[in-house]
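Structure file my_file_35.cif; described as mmCIF, C-alpha atoms.
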data_run
loop_
_atom_site.group_PDB
_atom_site.id
_atom_site.type_symbol
_atom_site.label_atom_id
_atom_site.label_comp_id
_atom_site.auth_asym_id
_atom_site.auth_seq_id
_atom_site.Cartn_x
_atom_site.Cartn_y
_atom_site.Cartn_z
ATOM 1 C CA THR A 1 2.268 333.608 102.384
ATOM 2 C CA GLN A 2 4.042 336.500 104.048
ATOM 3 C CA LEU A 3 2.734 339.832 102.890
ATOM 4 C CA LEU A 4 4.221 343.294 102.812
ATOM 5 C CA GLU A 5 1.808 346.195 102.647
ATOM 6 C CA GLN A 6 3.096 349.515 101.405
ATOM 7 C CA SER A 7 1.373 352.808 102.000
ATOM 8 C CA PRO A 8 0.503 355.021 100.384
ATOM 9 C CA GLN A 9 0.295 353.370 96.961
ATOM 10 C CA PHE A 10 0.359 356.750 95.221
ATOM 11 C CA LEU A 11 1.834 360.018 96.449
ATOM 12 C CA SER A 12 2.106 363.303 94.600
ATOM 13 C CA ILE A 13 3.750 366.229 96.371
ATOM 14 C CA GLN A 14 5.493 369.491 95.597
ATOM 15 C CA GLU A 15 9.235 369.891 95.348
ATOM 16 C CA GLY A 16 10.763 370.702 98.723
ATOM 17 C CA GLU A 17 8.215 368.838 100.823
ATOM 18 C CA ASN A 18 9.033 365.895 103.068
ATOM 19 C CA LEU A 19 7.391 362.495 102.800
ATOM 20 C CA THR A 20 7.341 359.081 104.417
ATOM 21 C CA VAL A 21 6.516 355.740 102.834
ATOM 22 C CA TYR A 22 5.626 352.789 105.027
ATOM 23 C CA CYS A 23 6.140 349.063 104.605
ATOM 24 C CA ASN A 24 4.294 346.850 107.093
ATOM 25 C CA SER A 25 3.887 343.152 107.736
ATOM 26 C CA SER A 26 2.629 340.812 110.415
ATOM 27 C CA SER A 27 5.659 338.597 109.791
ATOM 28 C CA VAL A 28 9.267 338.905 110.872
ATOM 29 C CA PHE A 29 11.916 339.304 108.184
ATOM 30 C CA SER A 30 15.624 338.565 108.460
ATOM 31 C CA SER A 31 16.289 341.634 106.355
ATOM 32 C CA LEU A 32 14.380 344.248 104.426
ATOM 33 C CA GLN A 33 15.358 346.063 101.278
ATOM 34 C CA TRP A 34 14.189 349.175 99.482
ATOM 35 C CA TYR A 35 14.329 349.488 95.721
ATOM 36 C CA ARG A 36 13.638 352.260 93.266
ATOM 37 C CA GLN A 37 12.337 351.470 89.794
ATOM 38 C CA GLU A 38 12.290 353.794 86.786
ATOM 39 C CA PRO A 39 9.880 353.231 83.861
ATOM 40 C CA GLY A 40 11.172 350.560 81.490
ATOM 41 C CA GLU A 41 13.867 349.376 83.858
ATOM 42 C CA GLY A 42 14.348 346.829 86.583
ATOM 43 C CA PRO A 43 14.388 347.700 90.282
ATOM 44 C CA VAL A 44 17.644 349.037 91.672
ATOM 45 C CA LEU A 45 18.614 348.347 95.272
ATOM 46 C CA LEU A 46 18.803 351.437 97.495
ATOM 47 C CA VAL A 47 19.486 349.908 100.899
ATOM 48 C CA THR A 48 19.317 346.742 102.988
ATOM 49 C CA VAL A 49 18.478 346.863 106.686
ATOM 50 C CA VAL A 50 19.173 343.858 108.843
ATOM 51 C CA THR A 51 19.074 344.785 112.517
ATOM 52 C CA GLY A 52 15.876 345.719 114.361
ATOM 53 C CA GLY A 53 15.851 349.475 114.986
ATOM 54 C CA GLU A 54 18.529 350.081 112.363
ATOM 55 C CA VAL A 55 18.562 353.472 110.640
ATOM 56 C CA LYS A 56 20.433 354.078 107.394
ATOM 57 C CA LYS A 57 20.807 357.327 105.511
ATOM 58 C CA LEU A 58 21.410 357.793 101.821
ATOM 59 C CA LYS A 59 21.744 361.541 101.163
ATOM 60 C CA ARG A 60 18.176 362.879 101.684
ATOM 61 C CA LEU A 61 16.698 359.402 102.161
ATOM 62 C CA THR A 62 16.411 357.854 105.627
ATOM 63 C CA PHE A 63 15.486 354.198 106.025
ATOM 64 C CA GLN A 64 14.409 352.612 109.297
ATOM 65 C CA PHE A 65 13.813 348.981 110.228
ATOM 66 C CA GLY A 66 11.295 348.411 112.989
ATOM 67 C CA ASP A 67 12.478 347.061 116.321
ATOM 68 C CA ALA A 68 10.521 343.836 115.779
ATOM 69 C CA ARG A 69 11.767 343.524 112.162
ATOM 70 C CA LYS A 70 8.192 343.513 110.836
ATOM 71 C CA ASP A 71 8.071 346.978 109.308
ATOM 72 C CA SER A 72 10.161 349.676 107.718
ATOM 73 C CA SER A 73 9.886 353.259 106.581
ATOM 74 C CA LEU A 74 11.483 355.454 103.963
ATOM 75 C CA HIS A 75 11.617 359.176 104.658
ATOM 76 C CA ILE A 76 12.632 361.677 102.002
ATOM 77 C CA THR A 77 13.598 365.177 103.049
ATOM 78 C CA ALA A 78 13.151 368.116 100.691
ATOM 79 C CA ALA A 79 11.919 365.972 97.801
ATOM 80 C CA GLN A 80 13.170 366.782 94.322
ATOM 81 C CA PRO A 81 11.701 365.935 90.891
ATOM 82 C CA GLY A 82 14.547 363.448 90.446
ATOM 83 C CA ASP A 83 13.094 361.409 93.321
ATOM 84 C CA THR A 84 10.080 360.546 91.157
ATOM 85 C CA GLY A 85 9.704 356.806 90.664
ATOM 86 C CA LEU A 86 8.281 353.563 91.988
ATOM 87 C CA TYR A 87 9.609 352.633 95.422
ATOM 88 C CA LEU A 88 9.430 348.989 96.431
ATOM 89 C CA CYS A 89 10.136 347.345 99.751
ATOM 90 C CA ALA A 90 11.100 343.688 99.828
ATOM 91 C CA GLY A 91 11.547 341.384 102.777
ATOM 92 C CA ALA A 92 13.603 338.243 103.054
ATOM 93 C CA PRO A 93 11.829 335.766 105.332
ATOM 94 C CA GLY A 94 14.859 333.535 104.900
ATOM 95 C CA ALA A 95 17.911 333.309 102.709
ATOM 96 C CA GLN A 96 16.390 332.293 99.396
ATOM 97 C CA LYS A 97 13.243 334.280 98.711
ATOM 98 C CA LEU A 98 12.168 337.891 98.563
ATOM 99 C CA VAL A 99 8.621 339.077 99.167
ATOM 100 C CA PHE A 100 7.797 342.445 97.603
ATOM 101 C CA GLY A 101 5.310 345.069 98.605
ATOM 102 C CA GLN A 102 3.003 346.411 95.911
ATOM 103 C CA GLY A 103 5.010 349.603 95.573
ATOM 104 C CA THR A 104 4.558 353.323 96.121
ATOM 105 C CA ARG A 105 4.430 355.463 93.016
ATOM 106 C CA LEU A 106 5.937 358.807 93.960
ATOM 107 C CA THR A 107 5.607 361.960 91.866
ATOM 108 C CA ILE A 108 7.441 365.134 92.815
ATOM 109 C CA ASN A 109 6.066 368.181 91.054
ATOM 110 C CA PRO A 110 8.402 371.105 90.276
ATOM 111 C CA ASN B 1 29.506 345.707 82.039
ATOM 112 C CA ALA B 2 26.577 343.494 80.998
ATOM 113 C CA GLY B 3 25.180 342.399 84.393
ATOM 114 C CA VAL B 4 21.833 340.624 83.916
ATOM 115 C CA THR B 5 20.677 340.405 80.306
ATOM 116 C CA GLN B 6 17.137 339.482 79.313
ATOM 117 C CA THR B 7 15.812 338.714 75.849
ATOM 118 C CA PRO B 8 13.498 339.441 74.191
ATOM 119 C CA LYS B 9 12.560 342.901 75.446
ATOM 120 C CA PHE B 10 9.067 342.707 73.923
ATOM 121 C CA GLN B 11 7.006 339.735 72.745
ATOM 122 C CA VAL B 12 3.429 339.177 71.624
ATOM 123 C CA LEU B 13 2.106 335.626 71.781
ATOM 124 C CA LYS B 14 -1.129 333.987 70.820
ATOM 125 C CA THR B 15 -2.960 331.951 73.424
ATOM 126 C CA GLY B 16 -1.581 328.413 73.482
ATOM 127 C CA GLN B 17 1.806 329.259 72.014
ATOM 128 C CA SER B 18 4.997 328.443 73.878
ATOM 129 C CA MET B 19 8.117 330.523 74.233
ATOM 130 C CA THR B 20 11.262 330.944 76.283
ATOM 131 C CA LEU B 21 12.457 334.097 77.986
ATOM 132 C CA GLN B 22 16.222 334.100 78.154
ATOM 133 C CA CYS B 23 18.269 335.357 81.096
ATOM 134 C CA ALA B 24 22.036 335.467 81.346
ATOM 135 C CA GLN B 25 24.384 336.950 83.920
ATOM 136 C CA ASP B 26 28.125 337.415 83.690
ATOM 137 C CA MET B 27 28.839 337.995 87.382
ATOM 138 C CA ASN B 28 29.294 334.321 88.366
ATOM 139 C CA HIS B 29 26.274 334.592 90.642
ATOM 140 C CA GLU B 30 24.941 331.418 92.201
ATOM 141 C CA TYR B 31 21.406 332.683 92.850
ATOM 142 C CA MET B 32 19.028 333.504 89.995
ATOM 143 C CA SER B 33 15.318 334.098 89.963
ATOM 144 C CA TRP B 34 12.358 335.126 87.828
ATOM 145 C CA TYR B 35 9.648 337.563 88.890
ATOM 146 C CA ARG B 36 6.554 338.907 87.203
ATOM 147 C CA GLN B 37 5.316 342.423 87.839
ATOM 148 C CA ASP B 38 1.672 343.354 87.459
ATOM 149 C CA PRO B 39 0.063 346.726 88.222
ATOM 150 C CA GLY B 40 -0.656 347.163 91.912
ATOM 151 C CA MET B 41 0.860 343.815 92.828
ATOM 152 C CA GLY B 42 4.568 344.433 93.122
ATOM 153 C CA LEU B 43 6.904 341.663 92.004
ATOM 154 C CA ARG B 44 5.970 338.039 92.553
ATOM 155 C CA LEU B 45 8.503 335.235 92.538
ATOM 156 C CA ILE B 46 7.927 332.578 89.869
ATOM 157 C CA HIS B 47 10.938 330.264 90.184
ATOM 158 C CA TYR B 48 14.421 330.520 91.604
ATOM 159 C CA SER B 49 17.710 328.662 91.577
ATOM 160 C CA VAL B 50 20.469 328.575 94.172
ATOM 161 C CA GLY B 51 22.989 327.048 91.787
ATOM 162 C CA ALA B 52 23.446 325.056 88.602
ATOM 163 C CA GLY B 53 21.206 322.007 88.560
ATOM 164 C CA ILE B 54 18.984 323.263 91.403
ATOM 165 C CA THR B 55 15.631 324.988 90.930
ATOM 166 C CA ASP B 56 12.625 325.563 93.145
ATOM 167 C CA GLN B 57 9.176 327.081 92.936
ATOM 168 C CA GLY B 58 8.276 330.536 94.083
ATOM 169 C CA GLU B 59 4.920 332.127 94.766
ATOM 170 C CA VAL B 60 3.344 331.800 91.288
ATOM 171 C CA PRO B 61 5.001 328.879 89.428
ATOM 172 C CA ASN B 62 2.005 327.459 87.530
ATOM 173 C CA GLY B 63 2.361 327.633 83.756
ATOM 174 C CA TYR B 64 6.117 328.184 83.869
ATOM 175 C CA ASN B 65 9.141 325.889 83.736
ATOM 176 C CA VAL B 66 12.792 326.631 84.422
ATOM 177 C CA SER B 67 16.113 324.846 84.221
ATOM 178 C CA ARG B 68 19.630 325.769 85.305
ATOM 179 C CA SER B 69 22.165 323.815 83.300
ATOM 180 C CA THR B 70 24.890 326.450 83.697
ATOM 181 C CA THR B 71 25.704 329.104 86.280
ATOM 182 C CA GLU B 72 25.236 331.856 83.704
ATOM 183 C CA ASP B 73 21.830 331.027 82.213
ATOM 184 C CA PHE B 74 18.345 330.673 83.677
ATOM 185 C CA PRO B 75 15.659 330.479 80.966
ATOM 186 C CA LEU B 76 11.951 330.730 81.754
ATOM 187 C CA ARG B 77 9.603 328.668 79.587
ATOM 188 C CA LEU B 78 5.923 329.349 79.056
ATOM 189 C CA LEU B 79 4.438 326.026 78.043
ATOM 190 C CA SER B 80 1.034 327.159 76.737
ATOM 191 C CA ALA B 81 0.615 330.913 77.009
ATOM 192 C CA ALA B 82 -2.563 332.324 78.529
ATOM 193 C CA PRO B 83 -3.799 335.934 78.654
ATOM 194 C CA SER B 84 -3.280 335.843 82.433
ATOM 195 C CA GLN B 85 0.454 335.592 81.741
ATOM 196 C CA THR B 86 0.499 339.028 80.161
ATOM 197 C CA SER B 87 2.986 340.822 82.381
ATOM 198 C CA VAL B 88 6.455 342.265 82.710
ATOM 199 C CA TYR B 89 9.017 339.625 83.605
ATOM 200 C CA PHE B 90 12.221 340.343 85.473
ATOM 201 C CA CYS B 91 15.213 338.097 85.922
ATOM 202 C CA ALA B 92 17.472 338.732 88.903
ATOM 203 C CA SER B 93 20.723 337.377 90.265
ATOM 204 C CA SER B 94 22.840 337.636 93.381
ATOM 205 C CA LEU B 95 26.107 336.215 94.594
ATOM 206 C CA GLY B 96 24.454 334.102 97.251
ATOM 207 C CA ALA B 97 21.947 334.243 100.050
ATOM 208 C CA LEU B 98 19.500 337.115 99.676
ATOM 209 C CA ASN B 99 19.834 338.534 103.152
ATOM 210 C CA GLY B 100 23.483 339.334 102.697
ATOM 211 C CA ASN B 101 23.923 340.112 99.027
ATOM 212 C CA THR B 102 22.800 342.700 96.522
ATOM 213 C CA ILE B 103 20.256 341.520 93.975
ATOM 214 C CA TYR B 104 20.672 342.739 90.424
ATOM 215 C CA PHE B 105 17.680 342.888 88.104
ATOM 216 C CA GLY B 106 17.546 342.755 84.348
ATOM 217 C CA GLU B 107 15.708 345.418 82.391
ATOM 218 C CA GLY B 108 12.575 343.344 81.961
ATOM 219 C CA SER B 109 10.691 341.511 79.222
ATOM 220 C CA TRP B 110 7.247 342.798 78.252
ATOM 221 C CA LEU B 111 4.992 339.902 77.287
ATOM 222 C CA THR B 112 1.502 340.248 75.844
ATOM 223 C CA VAL B 113 -0.659 337.180 75.283
ATOM 224 C CA VAL B 114 -3.643 337.730 73.012
#
Could I get this structure in the form of structure tokens?
Amino acid sequence: TQLLEQSPQFLSIQEGENLTVYCNSSSVFSSLQWYRQEPGEGPVLLVTVVTGGEVKKLKRLTFQFGDARKDSSLHITAAQPGDTGLYLCAGAPGAQKLVFGQGTRLTINP
Amino acid sequence: NAGVTQTPKFQVLKTGQSMTLQCAQDMNHEYMSWYRQDPGMGLRLIHYSVGAGITDQGEVPNGYNVSRSTTEDFPLRLLSAAPSQTSVYFCASSLGALNGNTIYFGEGSWLTVV
């Protein structure tokens, strides 16, 4: 079973601070996705990274796929209370399955 | 603008009872899947289907059955509910292969087995 380890599992910071969430594996993935999940709702896709070393930006969020396609990071600049939520990484070892990390619960305090 | 629709939203079962979680999508997606989400464990794949008439097992298939008689529907059956199946269940769909398509999740079904 291919595993994705996210760290930290919980993060509580003040508004305006920067943060980075990590998603690591010993396995290679053909692509890696980041999701955000609000309470009572399903995960919503934020980004998909496919190429090793790829960097994608979504407003204040920067996503990076490791060169070896085994890890990824999510960096948030100047966090806002609206960024609060559960962030999930998910890797596709092939075309038909997704493996999820356990999630990072992020709280941004005003 | 329905997307992926799951029913019921909440269900309480007694141990040994059976039930079906319904999932329907109106996007003509070939790929559908069921996940369960437990605290601290992320989402784990139960079963998936790459098209009508085709299903396969995921990471945690025991105790669950699925069928895919139409493109739109992918029900998940609990044959004899156990307390260990208390969880939040999510149905998801995508147009095709996961590494090139967006996956859309339903809003979840909260199941408690007592």
Please write as a VMD selection string the full residue list that the PyMOL selection byres ((chain B) within 7 of (chain A)) yields on this file. chain B and resid 40 to 44 90 97 to 99 105 to 108
For Ser94 (chain B), list every protein, DNA or RNA residue within 6 Å, evaluated using all atoms listed in the file, and leave out those in the same chain fewer than 2 positions away; present the list as a list of chain:residue names. B:His29, B:Tyr31, B:Gly96, B:Thr102, B:Ile103
Given the file above and the PyMOL selection byres ((chain B and resi 28) around 10), which residues are selected, and can you give them as a short mmCIF file (atom, residue, chain, number, x, y, z; two decimals) with C-alpha atoms, in the frame of the given file?
data_model
loop_
_atom_site.label_atom_id
_atom_site.label_comp_id
_atom_site.auth_asym_id
_atom_site.auth_seq_id
_atom_site.Cartn_x
_atom_site.Cartn_y
_atom_site.Cartn_z
CA GLY B 3 25.18 342.40 84.39
CA GLN B 25 24.38 336.95 83.92
CA ASP B 26 28.12 337.42 83.69
CA MET B 27 28.84 338.00 87.38
CA HIS B 29 26.27 334.59 90.64
CA GLU B 30 24.94 331.42 92.20
CA TYR B 31 21.41 332.68 92.85
CA THR B 71 25.70 329.10 86.28
CA GLU B 72 25.24 331.86 83.70
CA SER B 93 20.72 337.38 90.26
CA SER B 94 22.84 337.64 93.38
CA LEU B 95 26.11 336.22 94.59
#
With the file shown as input, list the residues that the PyMOL selection byres ((chain A and resi 65) around 8) selects, as a short mmCIF file (atom, residue, chain, number, x, y, z; two decimals) with C-alpha atoms, keeping the file's coordinate frame.
data_model
loop_
_atom_site.label_atom_id
_atom_site.label_comp_id
_atom_site.auth_asym_id
_atom_site.auth_seq_id
_atom_site.Cartn_x
_atom_site.Cartn_y
_atom_site.Cartn_z
CA LEU A 32 14.38 344.25 104.43
CA VAL A 49 18.48 346.86 106.69
CA VAL A 50 19.17 343.86 108.84
CA THR A 51 19.07 344.78 112.52
CA GLY A 52 15.88 345.72 114.36
CA GLY A 53 15.85 349.48 114.99
CA GLU A 54 18.53 350.08 112.36
CA VAL A 55 18.56 353.47 110.64
CA PHE A 63 15.49 354.20 106.02
CA GLN A 64 14.41 352.61 109.30
CA GLY A 66 11.30 348.41 112.99
CA ASP A 67 12.48 347.06 116.32
CA ARG A 69 11.77 343.52 112.16
CA LYS A 70 8.19 343.51 110.84
CA ASP A 71 8.07 346.98 109.31
CA SER A 72 10.16 349.68 107.72
CA SER A 73 9.89 353.26 106.58
#
Atom pair CA of Pro83 (chain B) + CA of Gly63 (chain B), distance 11.5 Å
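Computed from the coordinates, the CA of Gln17 (chain B) to CA of Tyr89 (chain B) distance equals 17.1 Å.
Computed from the coordinates, the CA of Leu13 (chain B) to CA of Gln37 (chain A) distance equals 26.1 Å.
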Exercise: region 47-49 of chain B partners within 9 Å, only C-alpha atoms, chain neighbours under 3 positions left out, as JSON, numbers by chain: {"A": [96, 97], "B": [30, 31, 32, 33, 34, 35, 52, 53, 54, 55, 56, 57, 58, 59, 60, 61, 64, 65, 66, 67, 68, 74, 76]}
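Those DNA, RNA and protein residues that approach the point (6.5, 363.9, 104.4) to within 9 Å, considering all atoms listed in the file, are Ile13, Glu17, Asn18, Leu19, Thr20, Val21, His75, Ile76, Thr77, Ala78 and Ala79 of chain A.
Ranking A:Ser7, A:Ser26, A:Thr62, A:Thr84 by their shortest atom-to-atom distance to Asn109 (chain A), with all atoms listed in the file included, puts A:Thr84 first.
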Taking all heavy atoms as the atom set, what does region 85-96 of chain B look like once completed, written as a tab-separated table (two decimals), keeping the file's coordinate frame?
chain	number	residue	atom	x	y	z
B	85	GLN	N	-1.00	335.49	81.65
B	85	GLN	CA	0.45	335.59	81.74
B	85	GLN	C	0.99	336.87	81.09
B	85	GLN	O	2.21	337.06	81.05
B	85	GLN	CB	1.11	334.36	81.12
B	85	GLN	CG	0.82	333.09	81.90
B	85	GLN	CD	1.43	331.84	81.27
B	85	GLN	OE1	1.15	331.52	80.11
B	85	GLN	NE2	2.26	331.14	82.03
B	86	THR	N	0.09	337.71	80.62
B	86	THR	CA	0.50	339.03	80.16
B	86	THR	C	1.05	339.80	81.35
B	86	THR	O	0.37	339.97	82.36
B	86	THR	CB	-0.69	339.79	79.57
B	86	THR	OG1	-1.11	339.14	78.36
B	86	THR	CG2	-0.34	341.24	79.26
B	87	SER	N	2.32	340.22	81.24
B	87	SER	CA	2.99	340.82	82.38
B	87	SER	C	4.36	341.32	81.95
B	87	SER	O	4.78	341.15	80.81
B	87	SER	CB	3.14	339.78	83.50
B	87	SER	OG	3.61	340.38	84.69
B	88	VAL	N	5.05	341.94	82.90
B	88	VAL	CA	6.46	342.26	82.71
B	88	VAL	C	7.26	341.29	83.55
B	88	VAL	O	6.99	341.12	84.74
B	88	VAL	CB	6.77	343.71	83.13
B	88	VAL	CG1	8.23	344.03	82.83
B	88	VAL	CG2	5.85	344.69	82.44
B	89	TYR	N	8.23	340.66	82.93
B	89	TYR	CA	9.02	339.62	83.60
B	89	TYR	C	10.43	340.14	83.86
B	89	TYR	O	11.07	340.70	82.98
B	89	TYR	CB	9.08	338.36	82.75
B	89	TYR	CG	7.73	337.68	82.65
B	89	TYR	CD1	6.79	338.07	81.71
B	89	TYR	CD2	7.40	336.66	83.53
B	89	TYR	CE1	5.55	337.47	81.63
B	89	TYR	CE2	6.15	336.03	83.46
B	89	TYR	CZ	5.24	336.45	82.51
B	89	TYR	OH	4.01	335.84	82.46
B	90	PHE	N	10.89	339.92	85.10
B	90	PHE	CA	12.22	340.34	85.47
B	90	PHE	C	13.02	339.15	85.95
B	90	PHE	O	12.56	338.35	86.77
B	90	PHE	CB	12.18	341.39	86.59
B	90	PHE	CG	11.69	342.73	86.14
B	90	PHE	CD1	10.37	343.09	86.32
B	90	PHE	CD2	12.56	343.62	85.54
B	90	PHE	CE1	9.91	344.33	85.89
B	90	PHE	CE2	12.12	344.87	85.12
B	90	PHE	CZ	10.80	345.22	85.29
B	91	CYS	N	14.24	339.06	85.45
B	91	CYS	CA	15.21	338.10	85.92
B	91	CYS	C	16.15	338.81	86.88
B	91	CYS	O	16.45	340.01	86.71
B	91	CYS	CB	16.00	337.52	84.75
B	91	CYS	SG	17.25	336.31	85.20
B	92	ALA	N	16.58	338.12	87.92
B	92	ALA	CA	17.47	338.73	88.90
B	92	ALA	C	18.54	337.74	89.32
B	92	ALA	O	18.33	336.53	89.25
B	92	ALA	CB	16.67	339.20	90.12
B	93	SER	N	19.67	338.26	89.78
B	93	SER	CA	20.72	337.38	90.26
B	93	SER	C	21.42	338.01	91.46
B	93	SER	O	21.40	339.23	91.64
B	93	SER	CB	21.74	337.08	89.16
B	93	SER	OG	22.59	338.19	88.94
B	94	SER	N	22.01	337.15	92.28
B	94	SER	CA	22.84	337.64	93.38
B	94	SER	C	23.93	336.61	93.66
B	94	SER	O	23.81	335.44	93.28
B	94	SER	CB	22.03	337.92	94.64
B	94	SER	OG	21.57	336.73	95.22
B	95	LEU	N	24.95	337.07	94.35
B	95	LEU	CA	26.11	336.22	94.59
B	95	LEU	C	25.73	335.00	95.43
B	95	LEU	O	26.22	333.90	95.20
B	95	LEU	CB	27.19	337.03	95.30
B	95	LEU	CG	28.56	336.38	95.45
B	95	LEU	CD1	29.14	336.05	94.08
B	95	LEU	CD2	29.50	337.31	96.22
B	96	GLY	N	24.83	335.21	96.39
B	96	GLY	CA	24.45	334.10	97.25
B	96	GLY	C	23.18	334.41	97.99
B	96	GLY	O	22.26	335.00	97.44
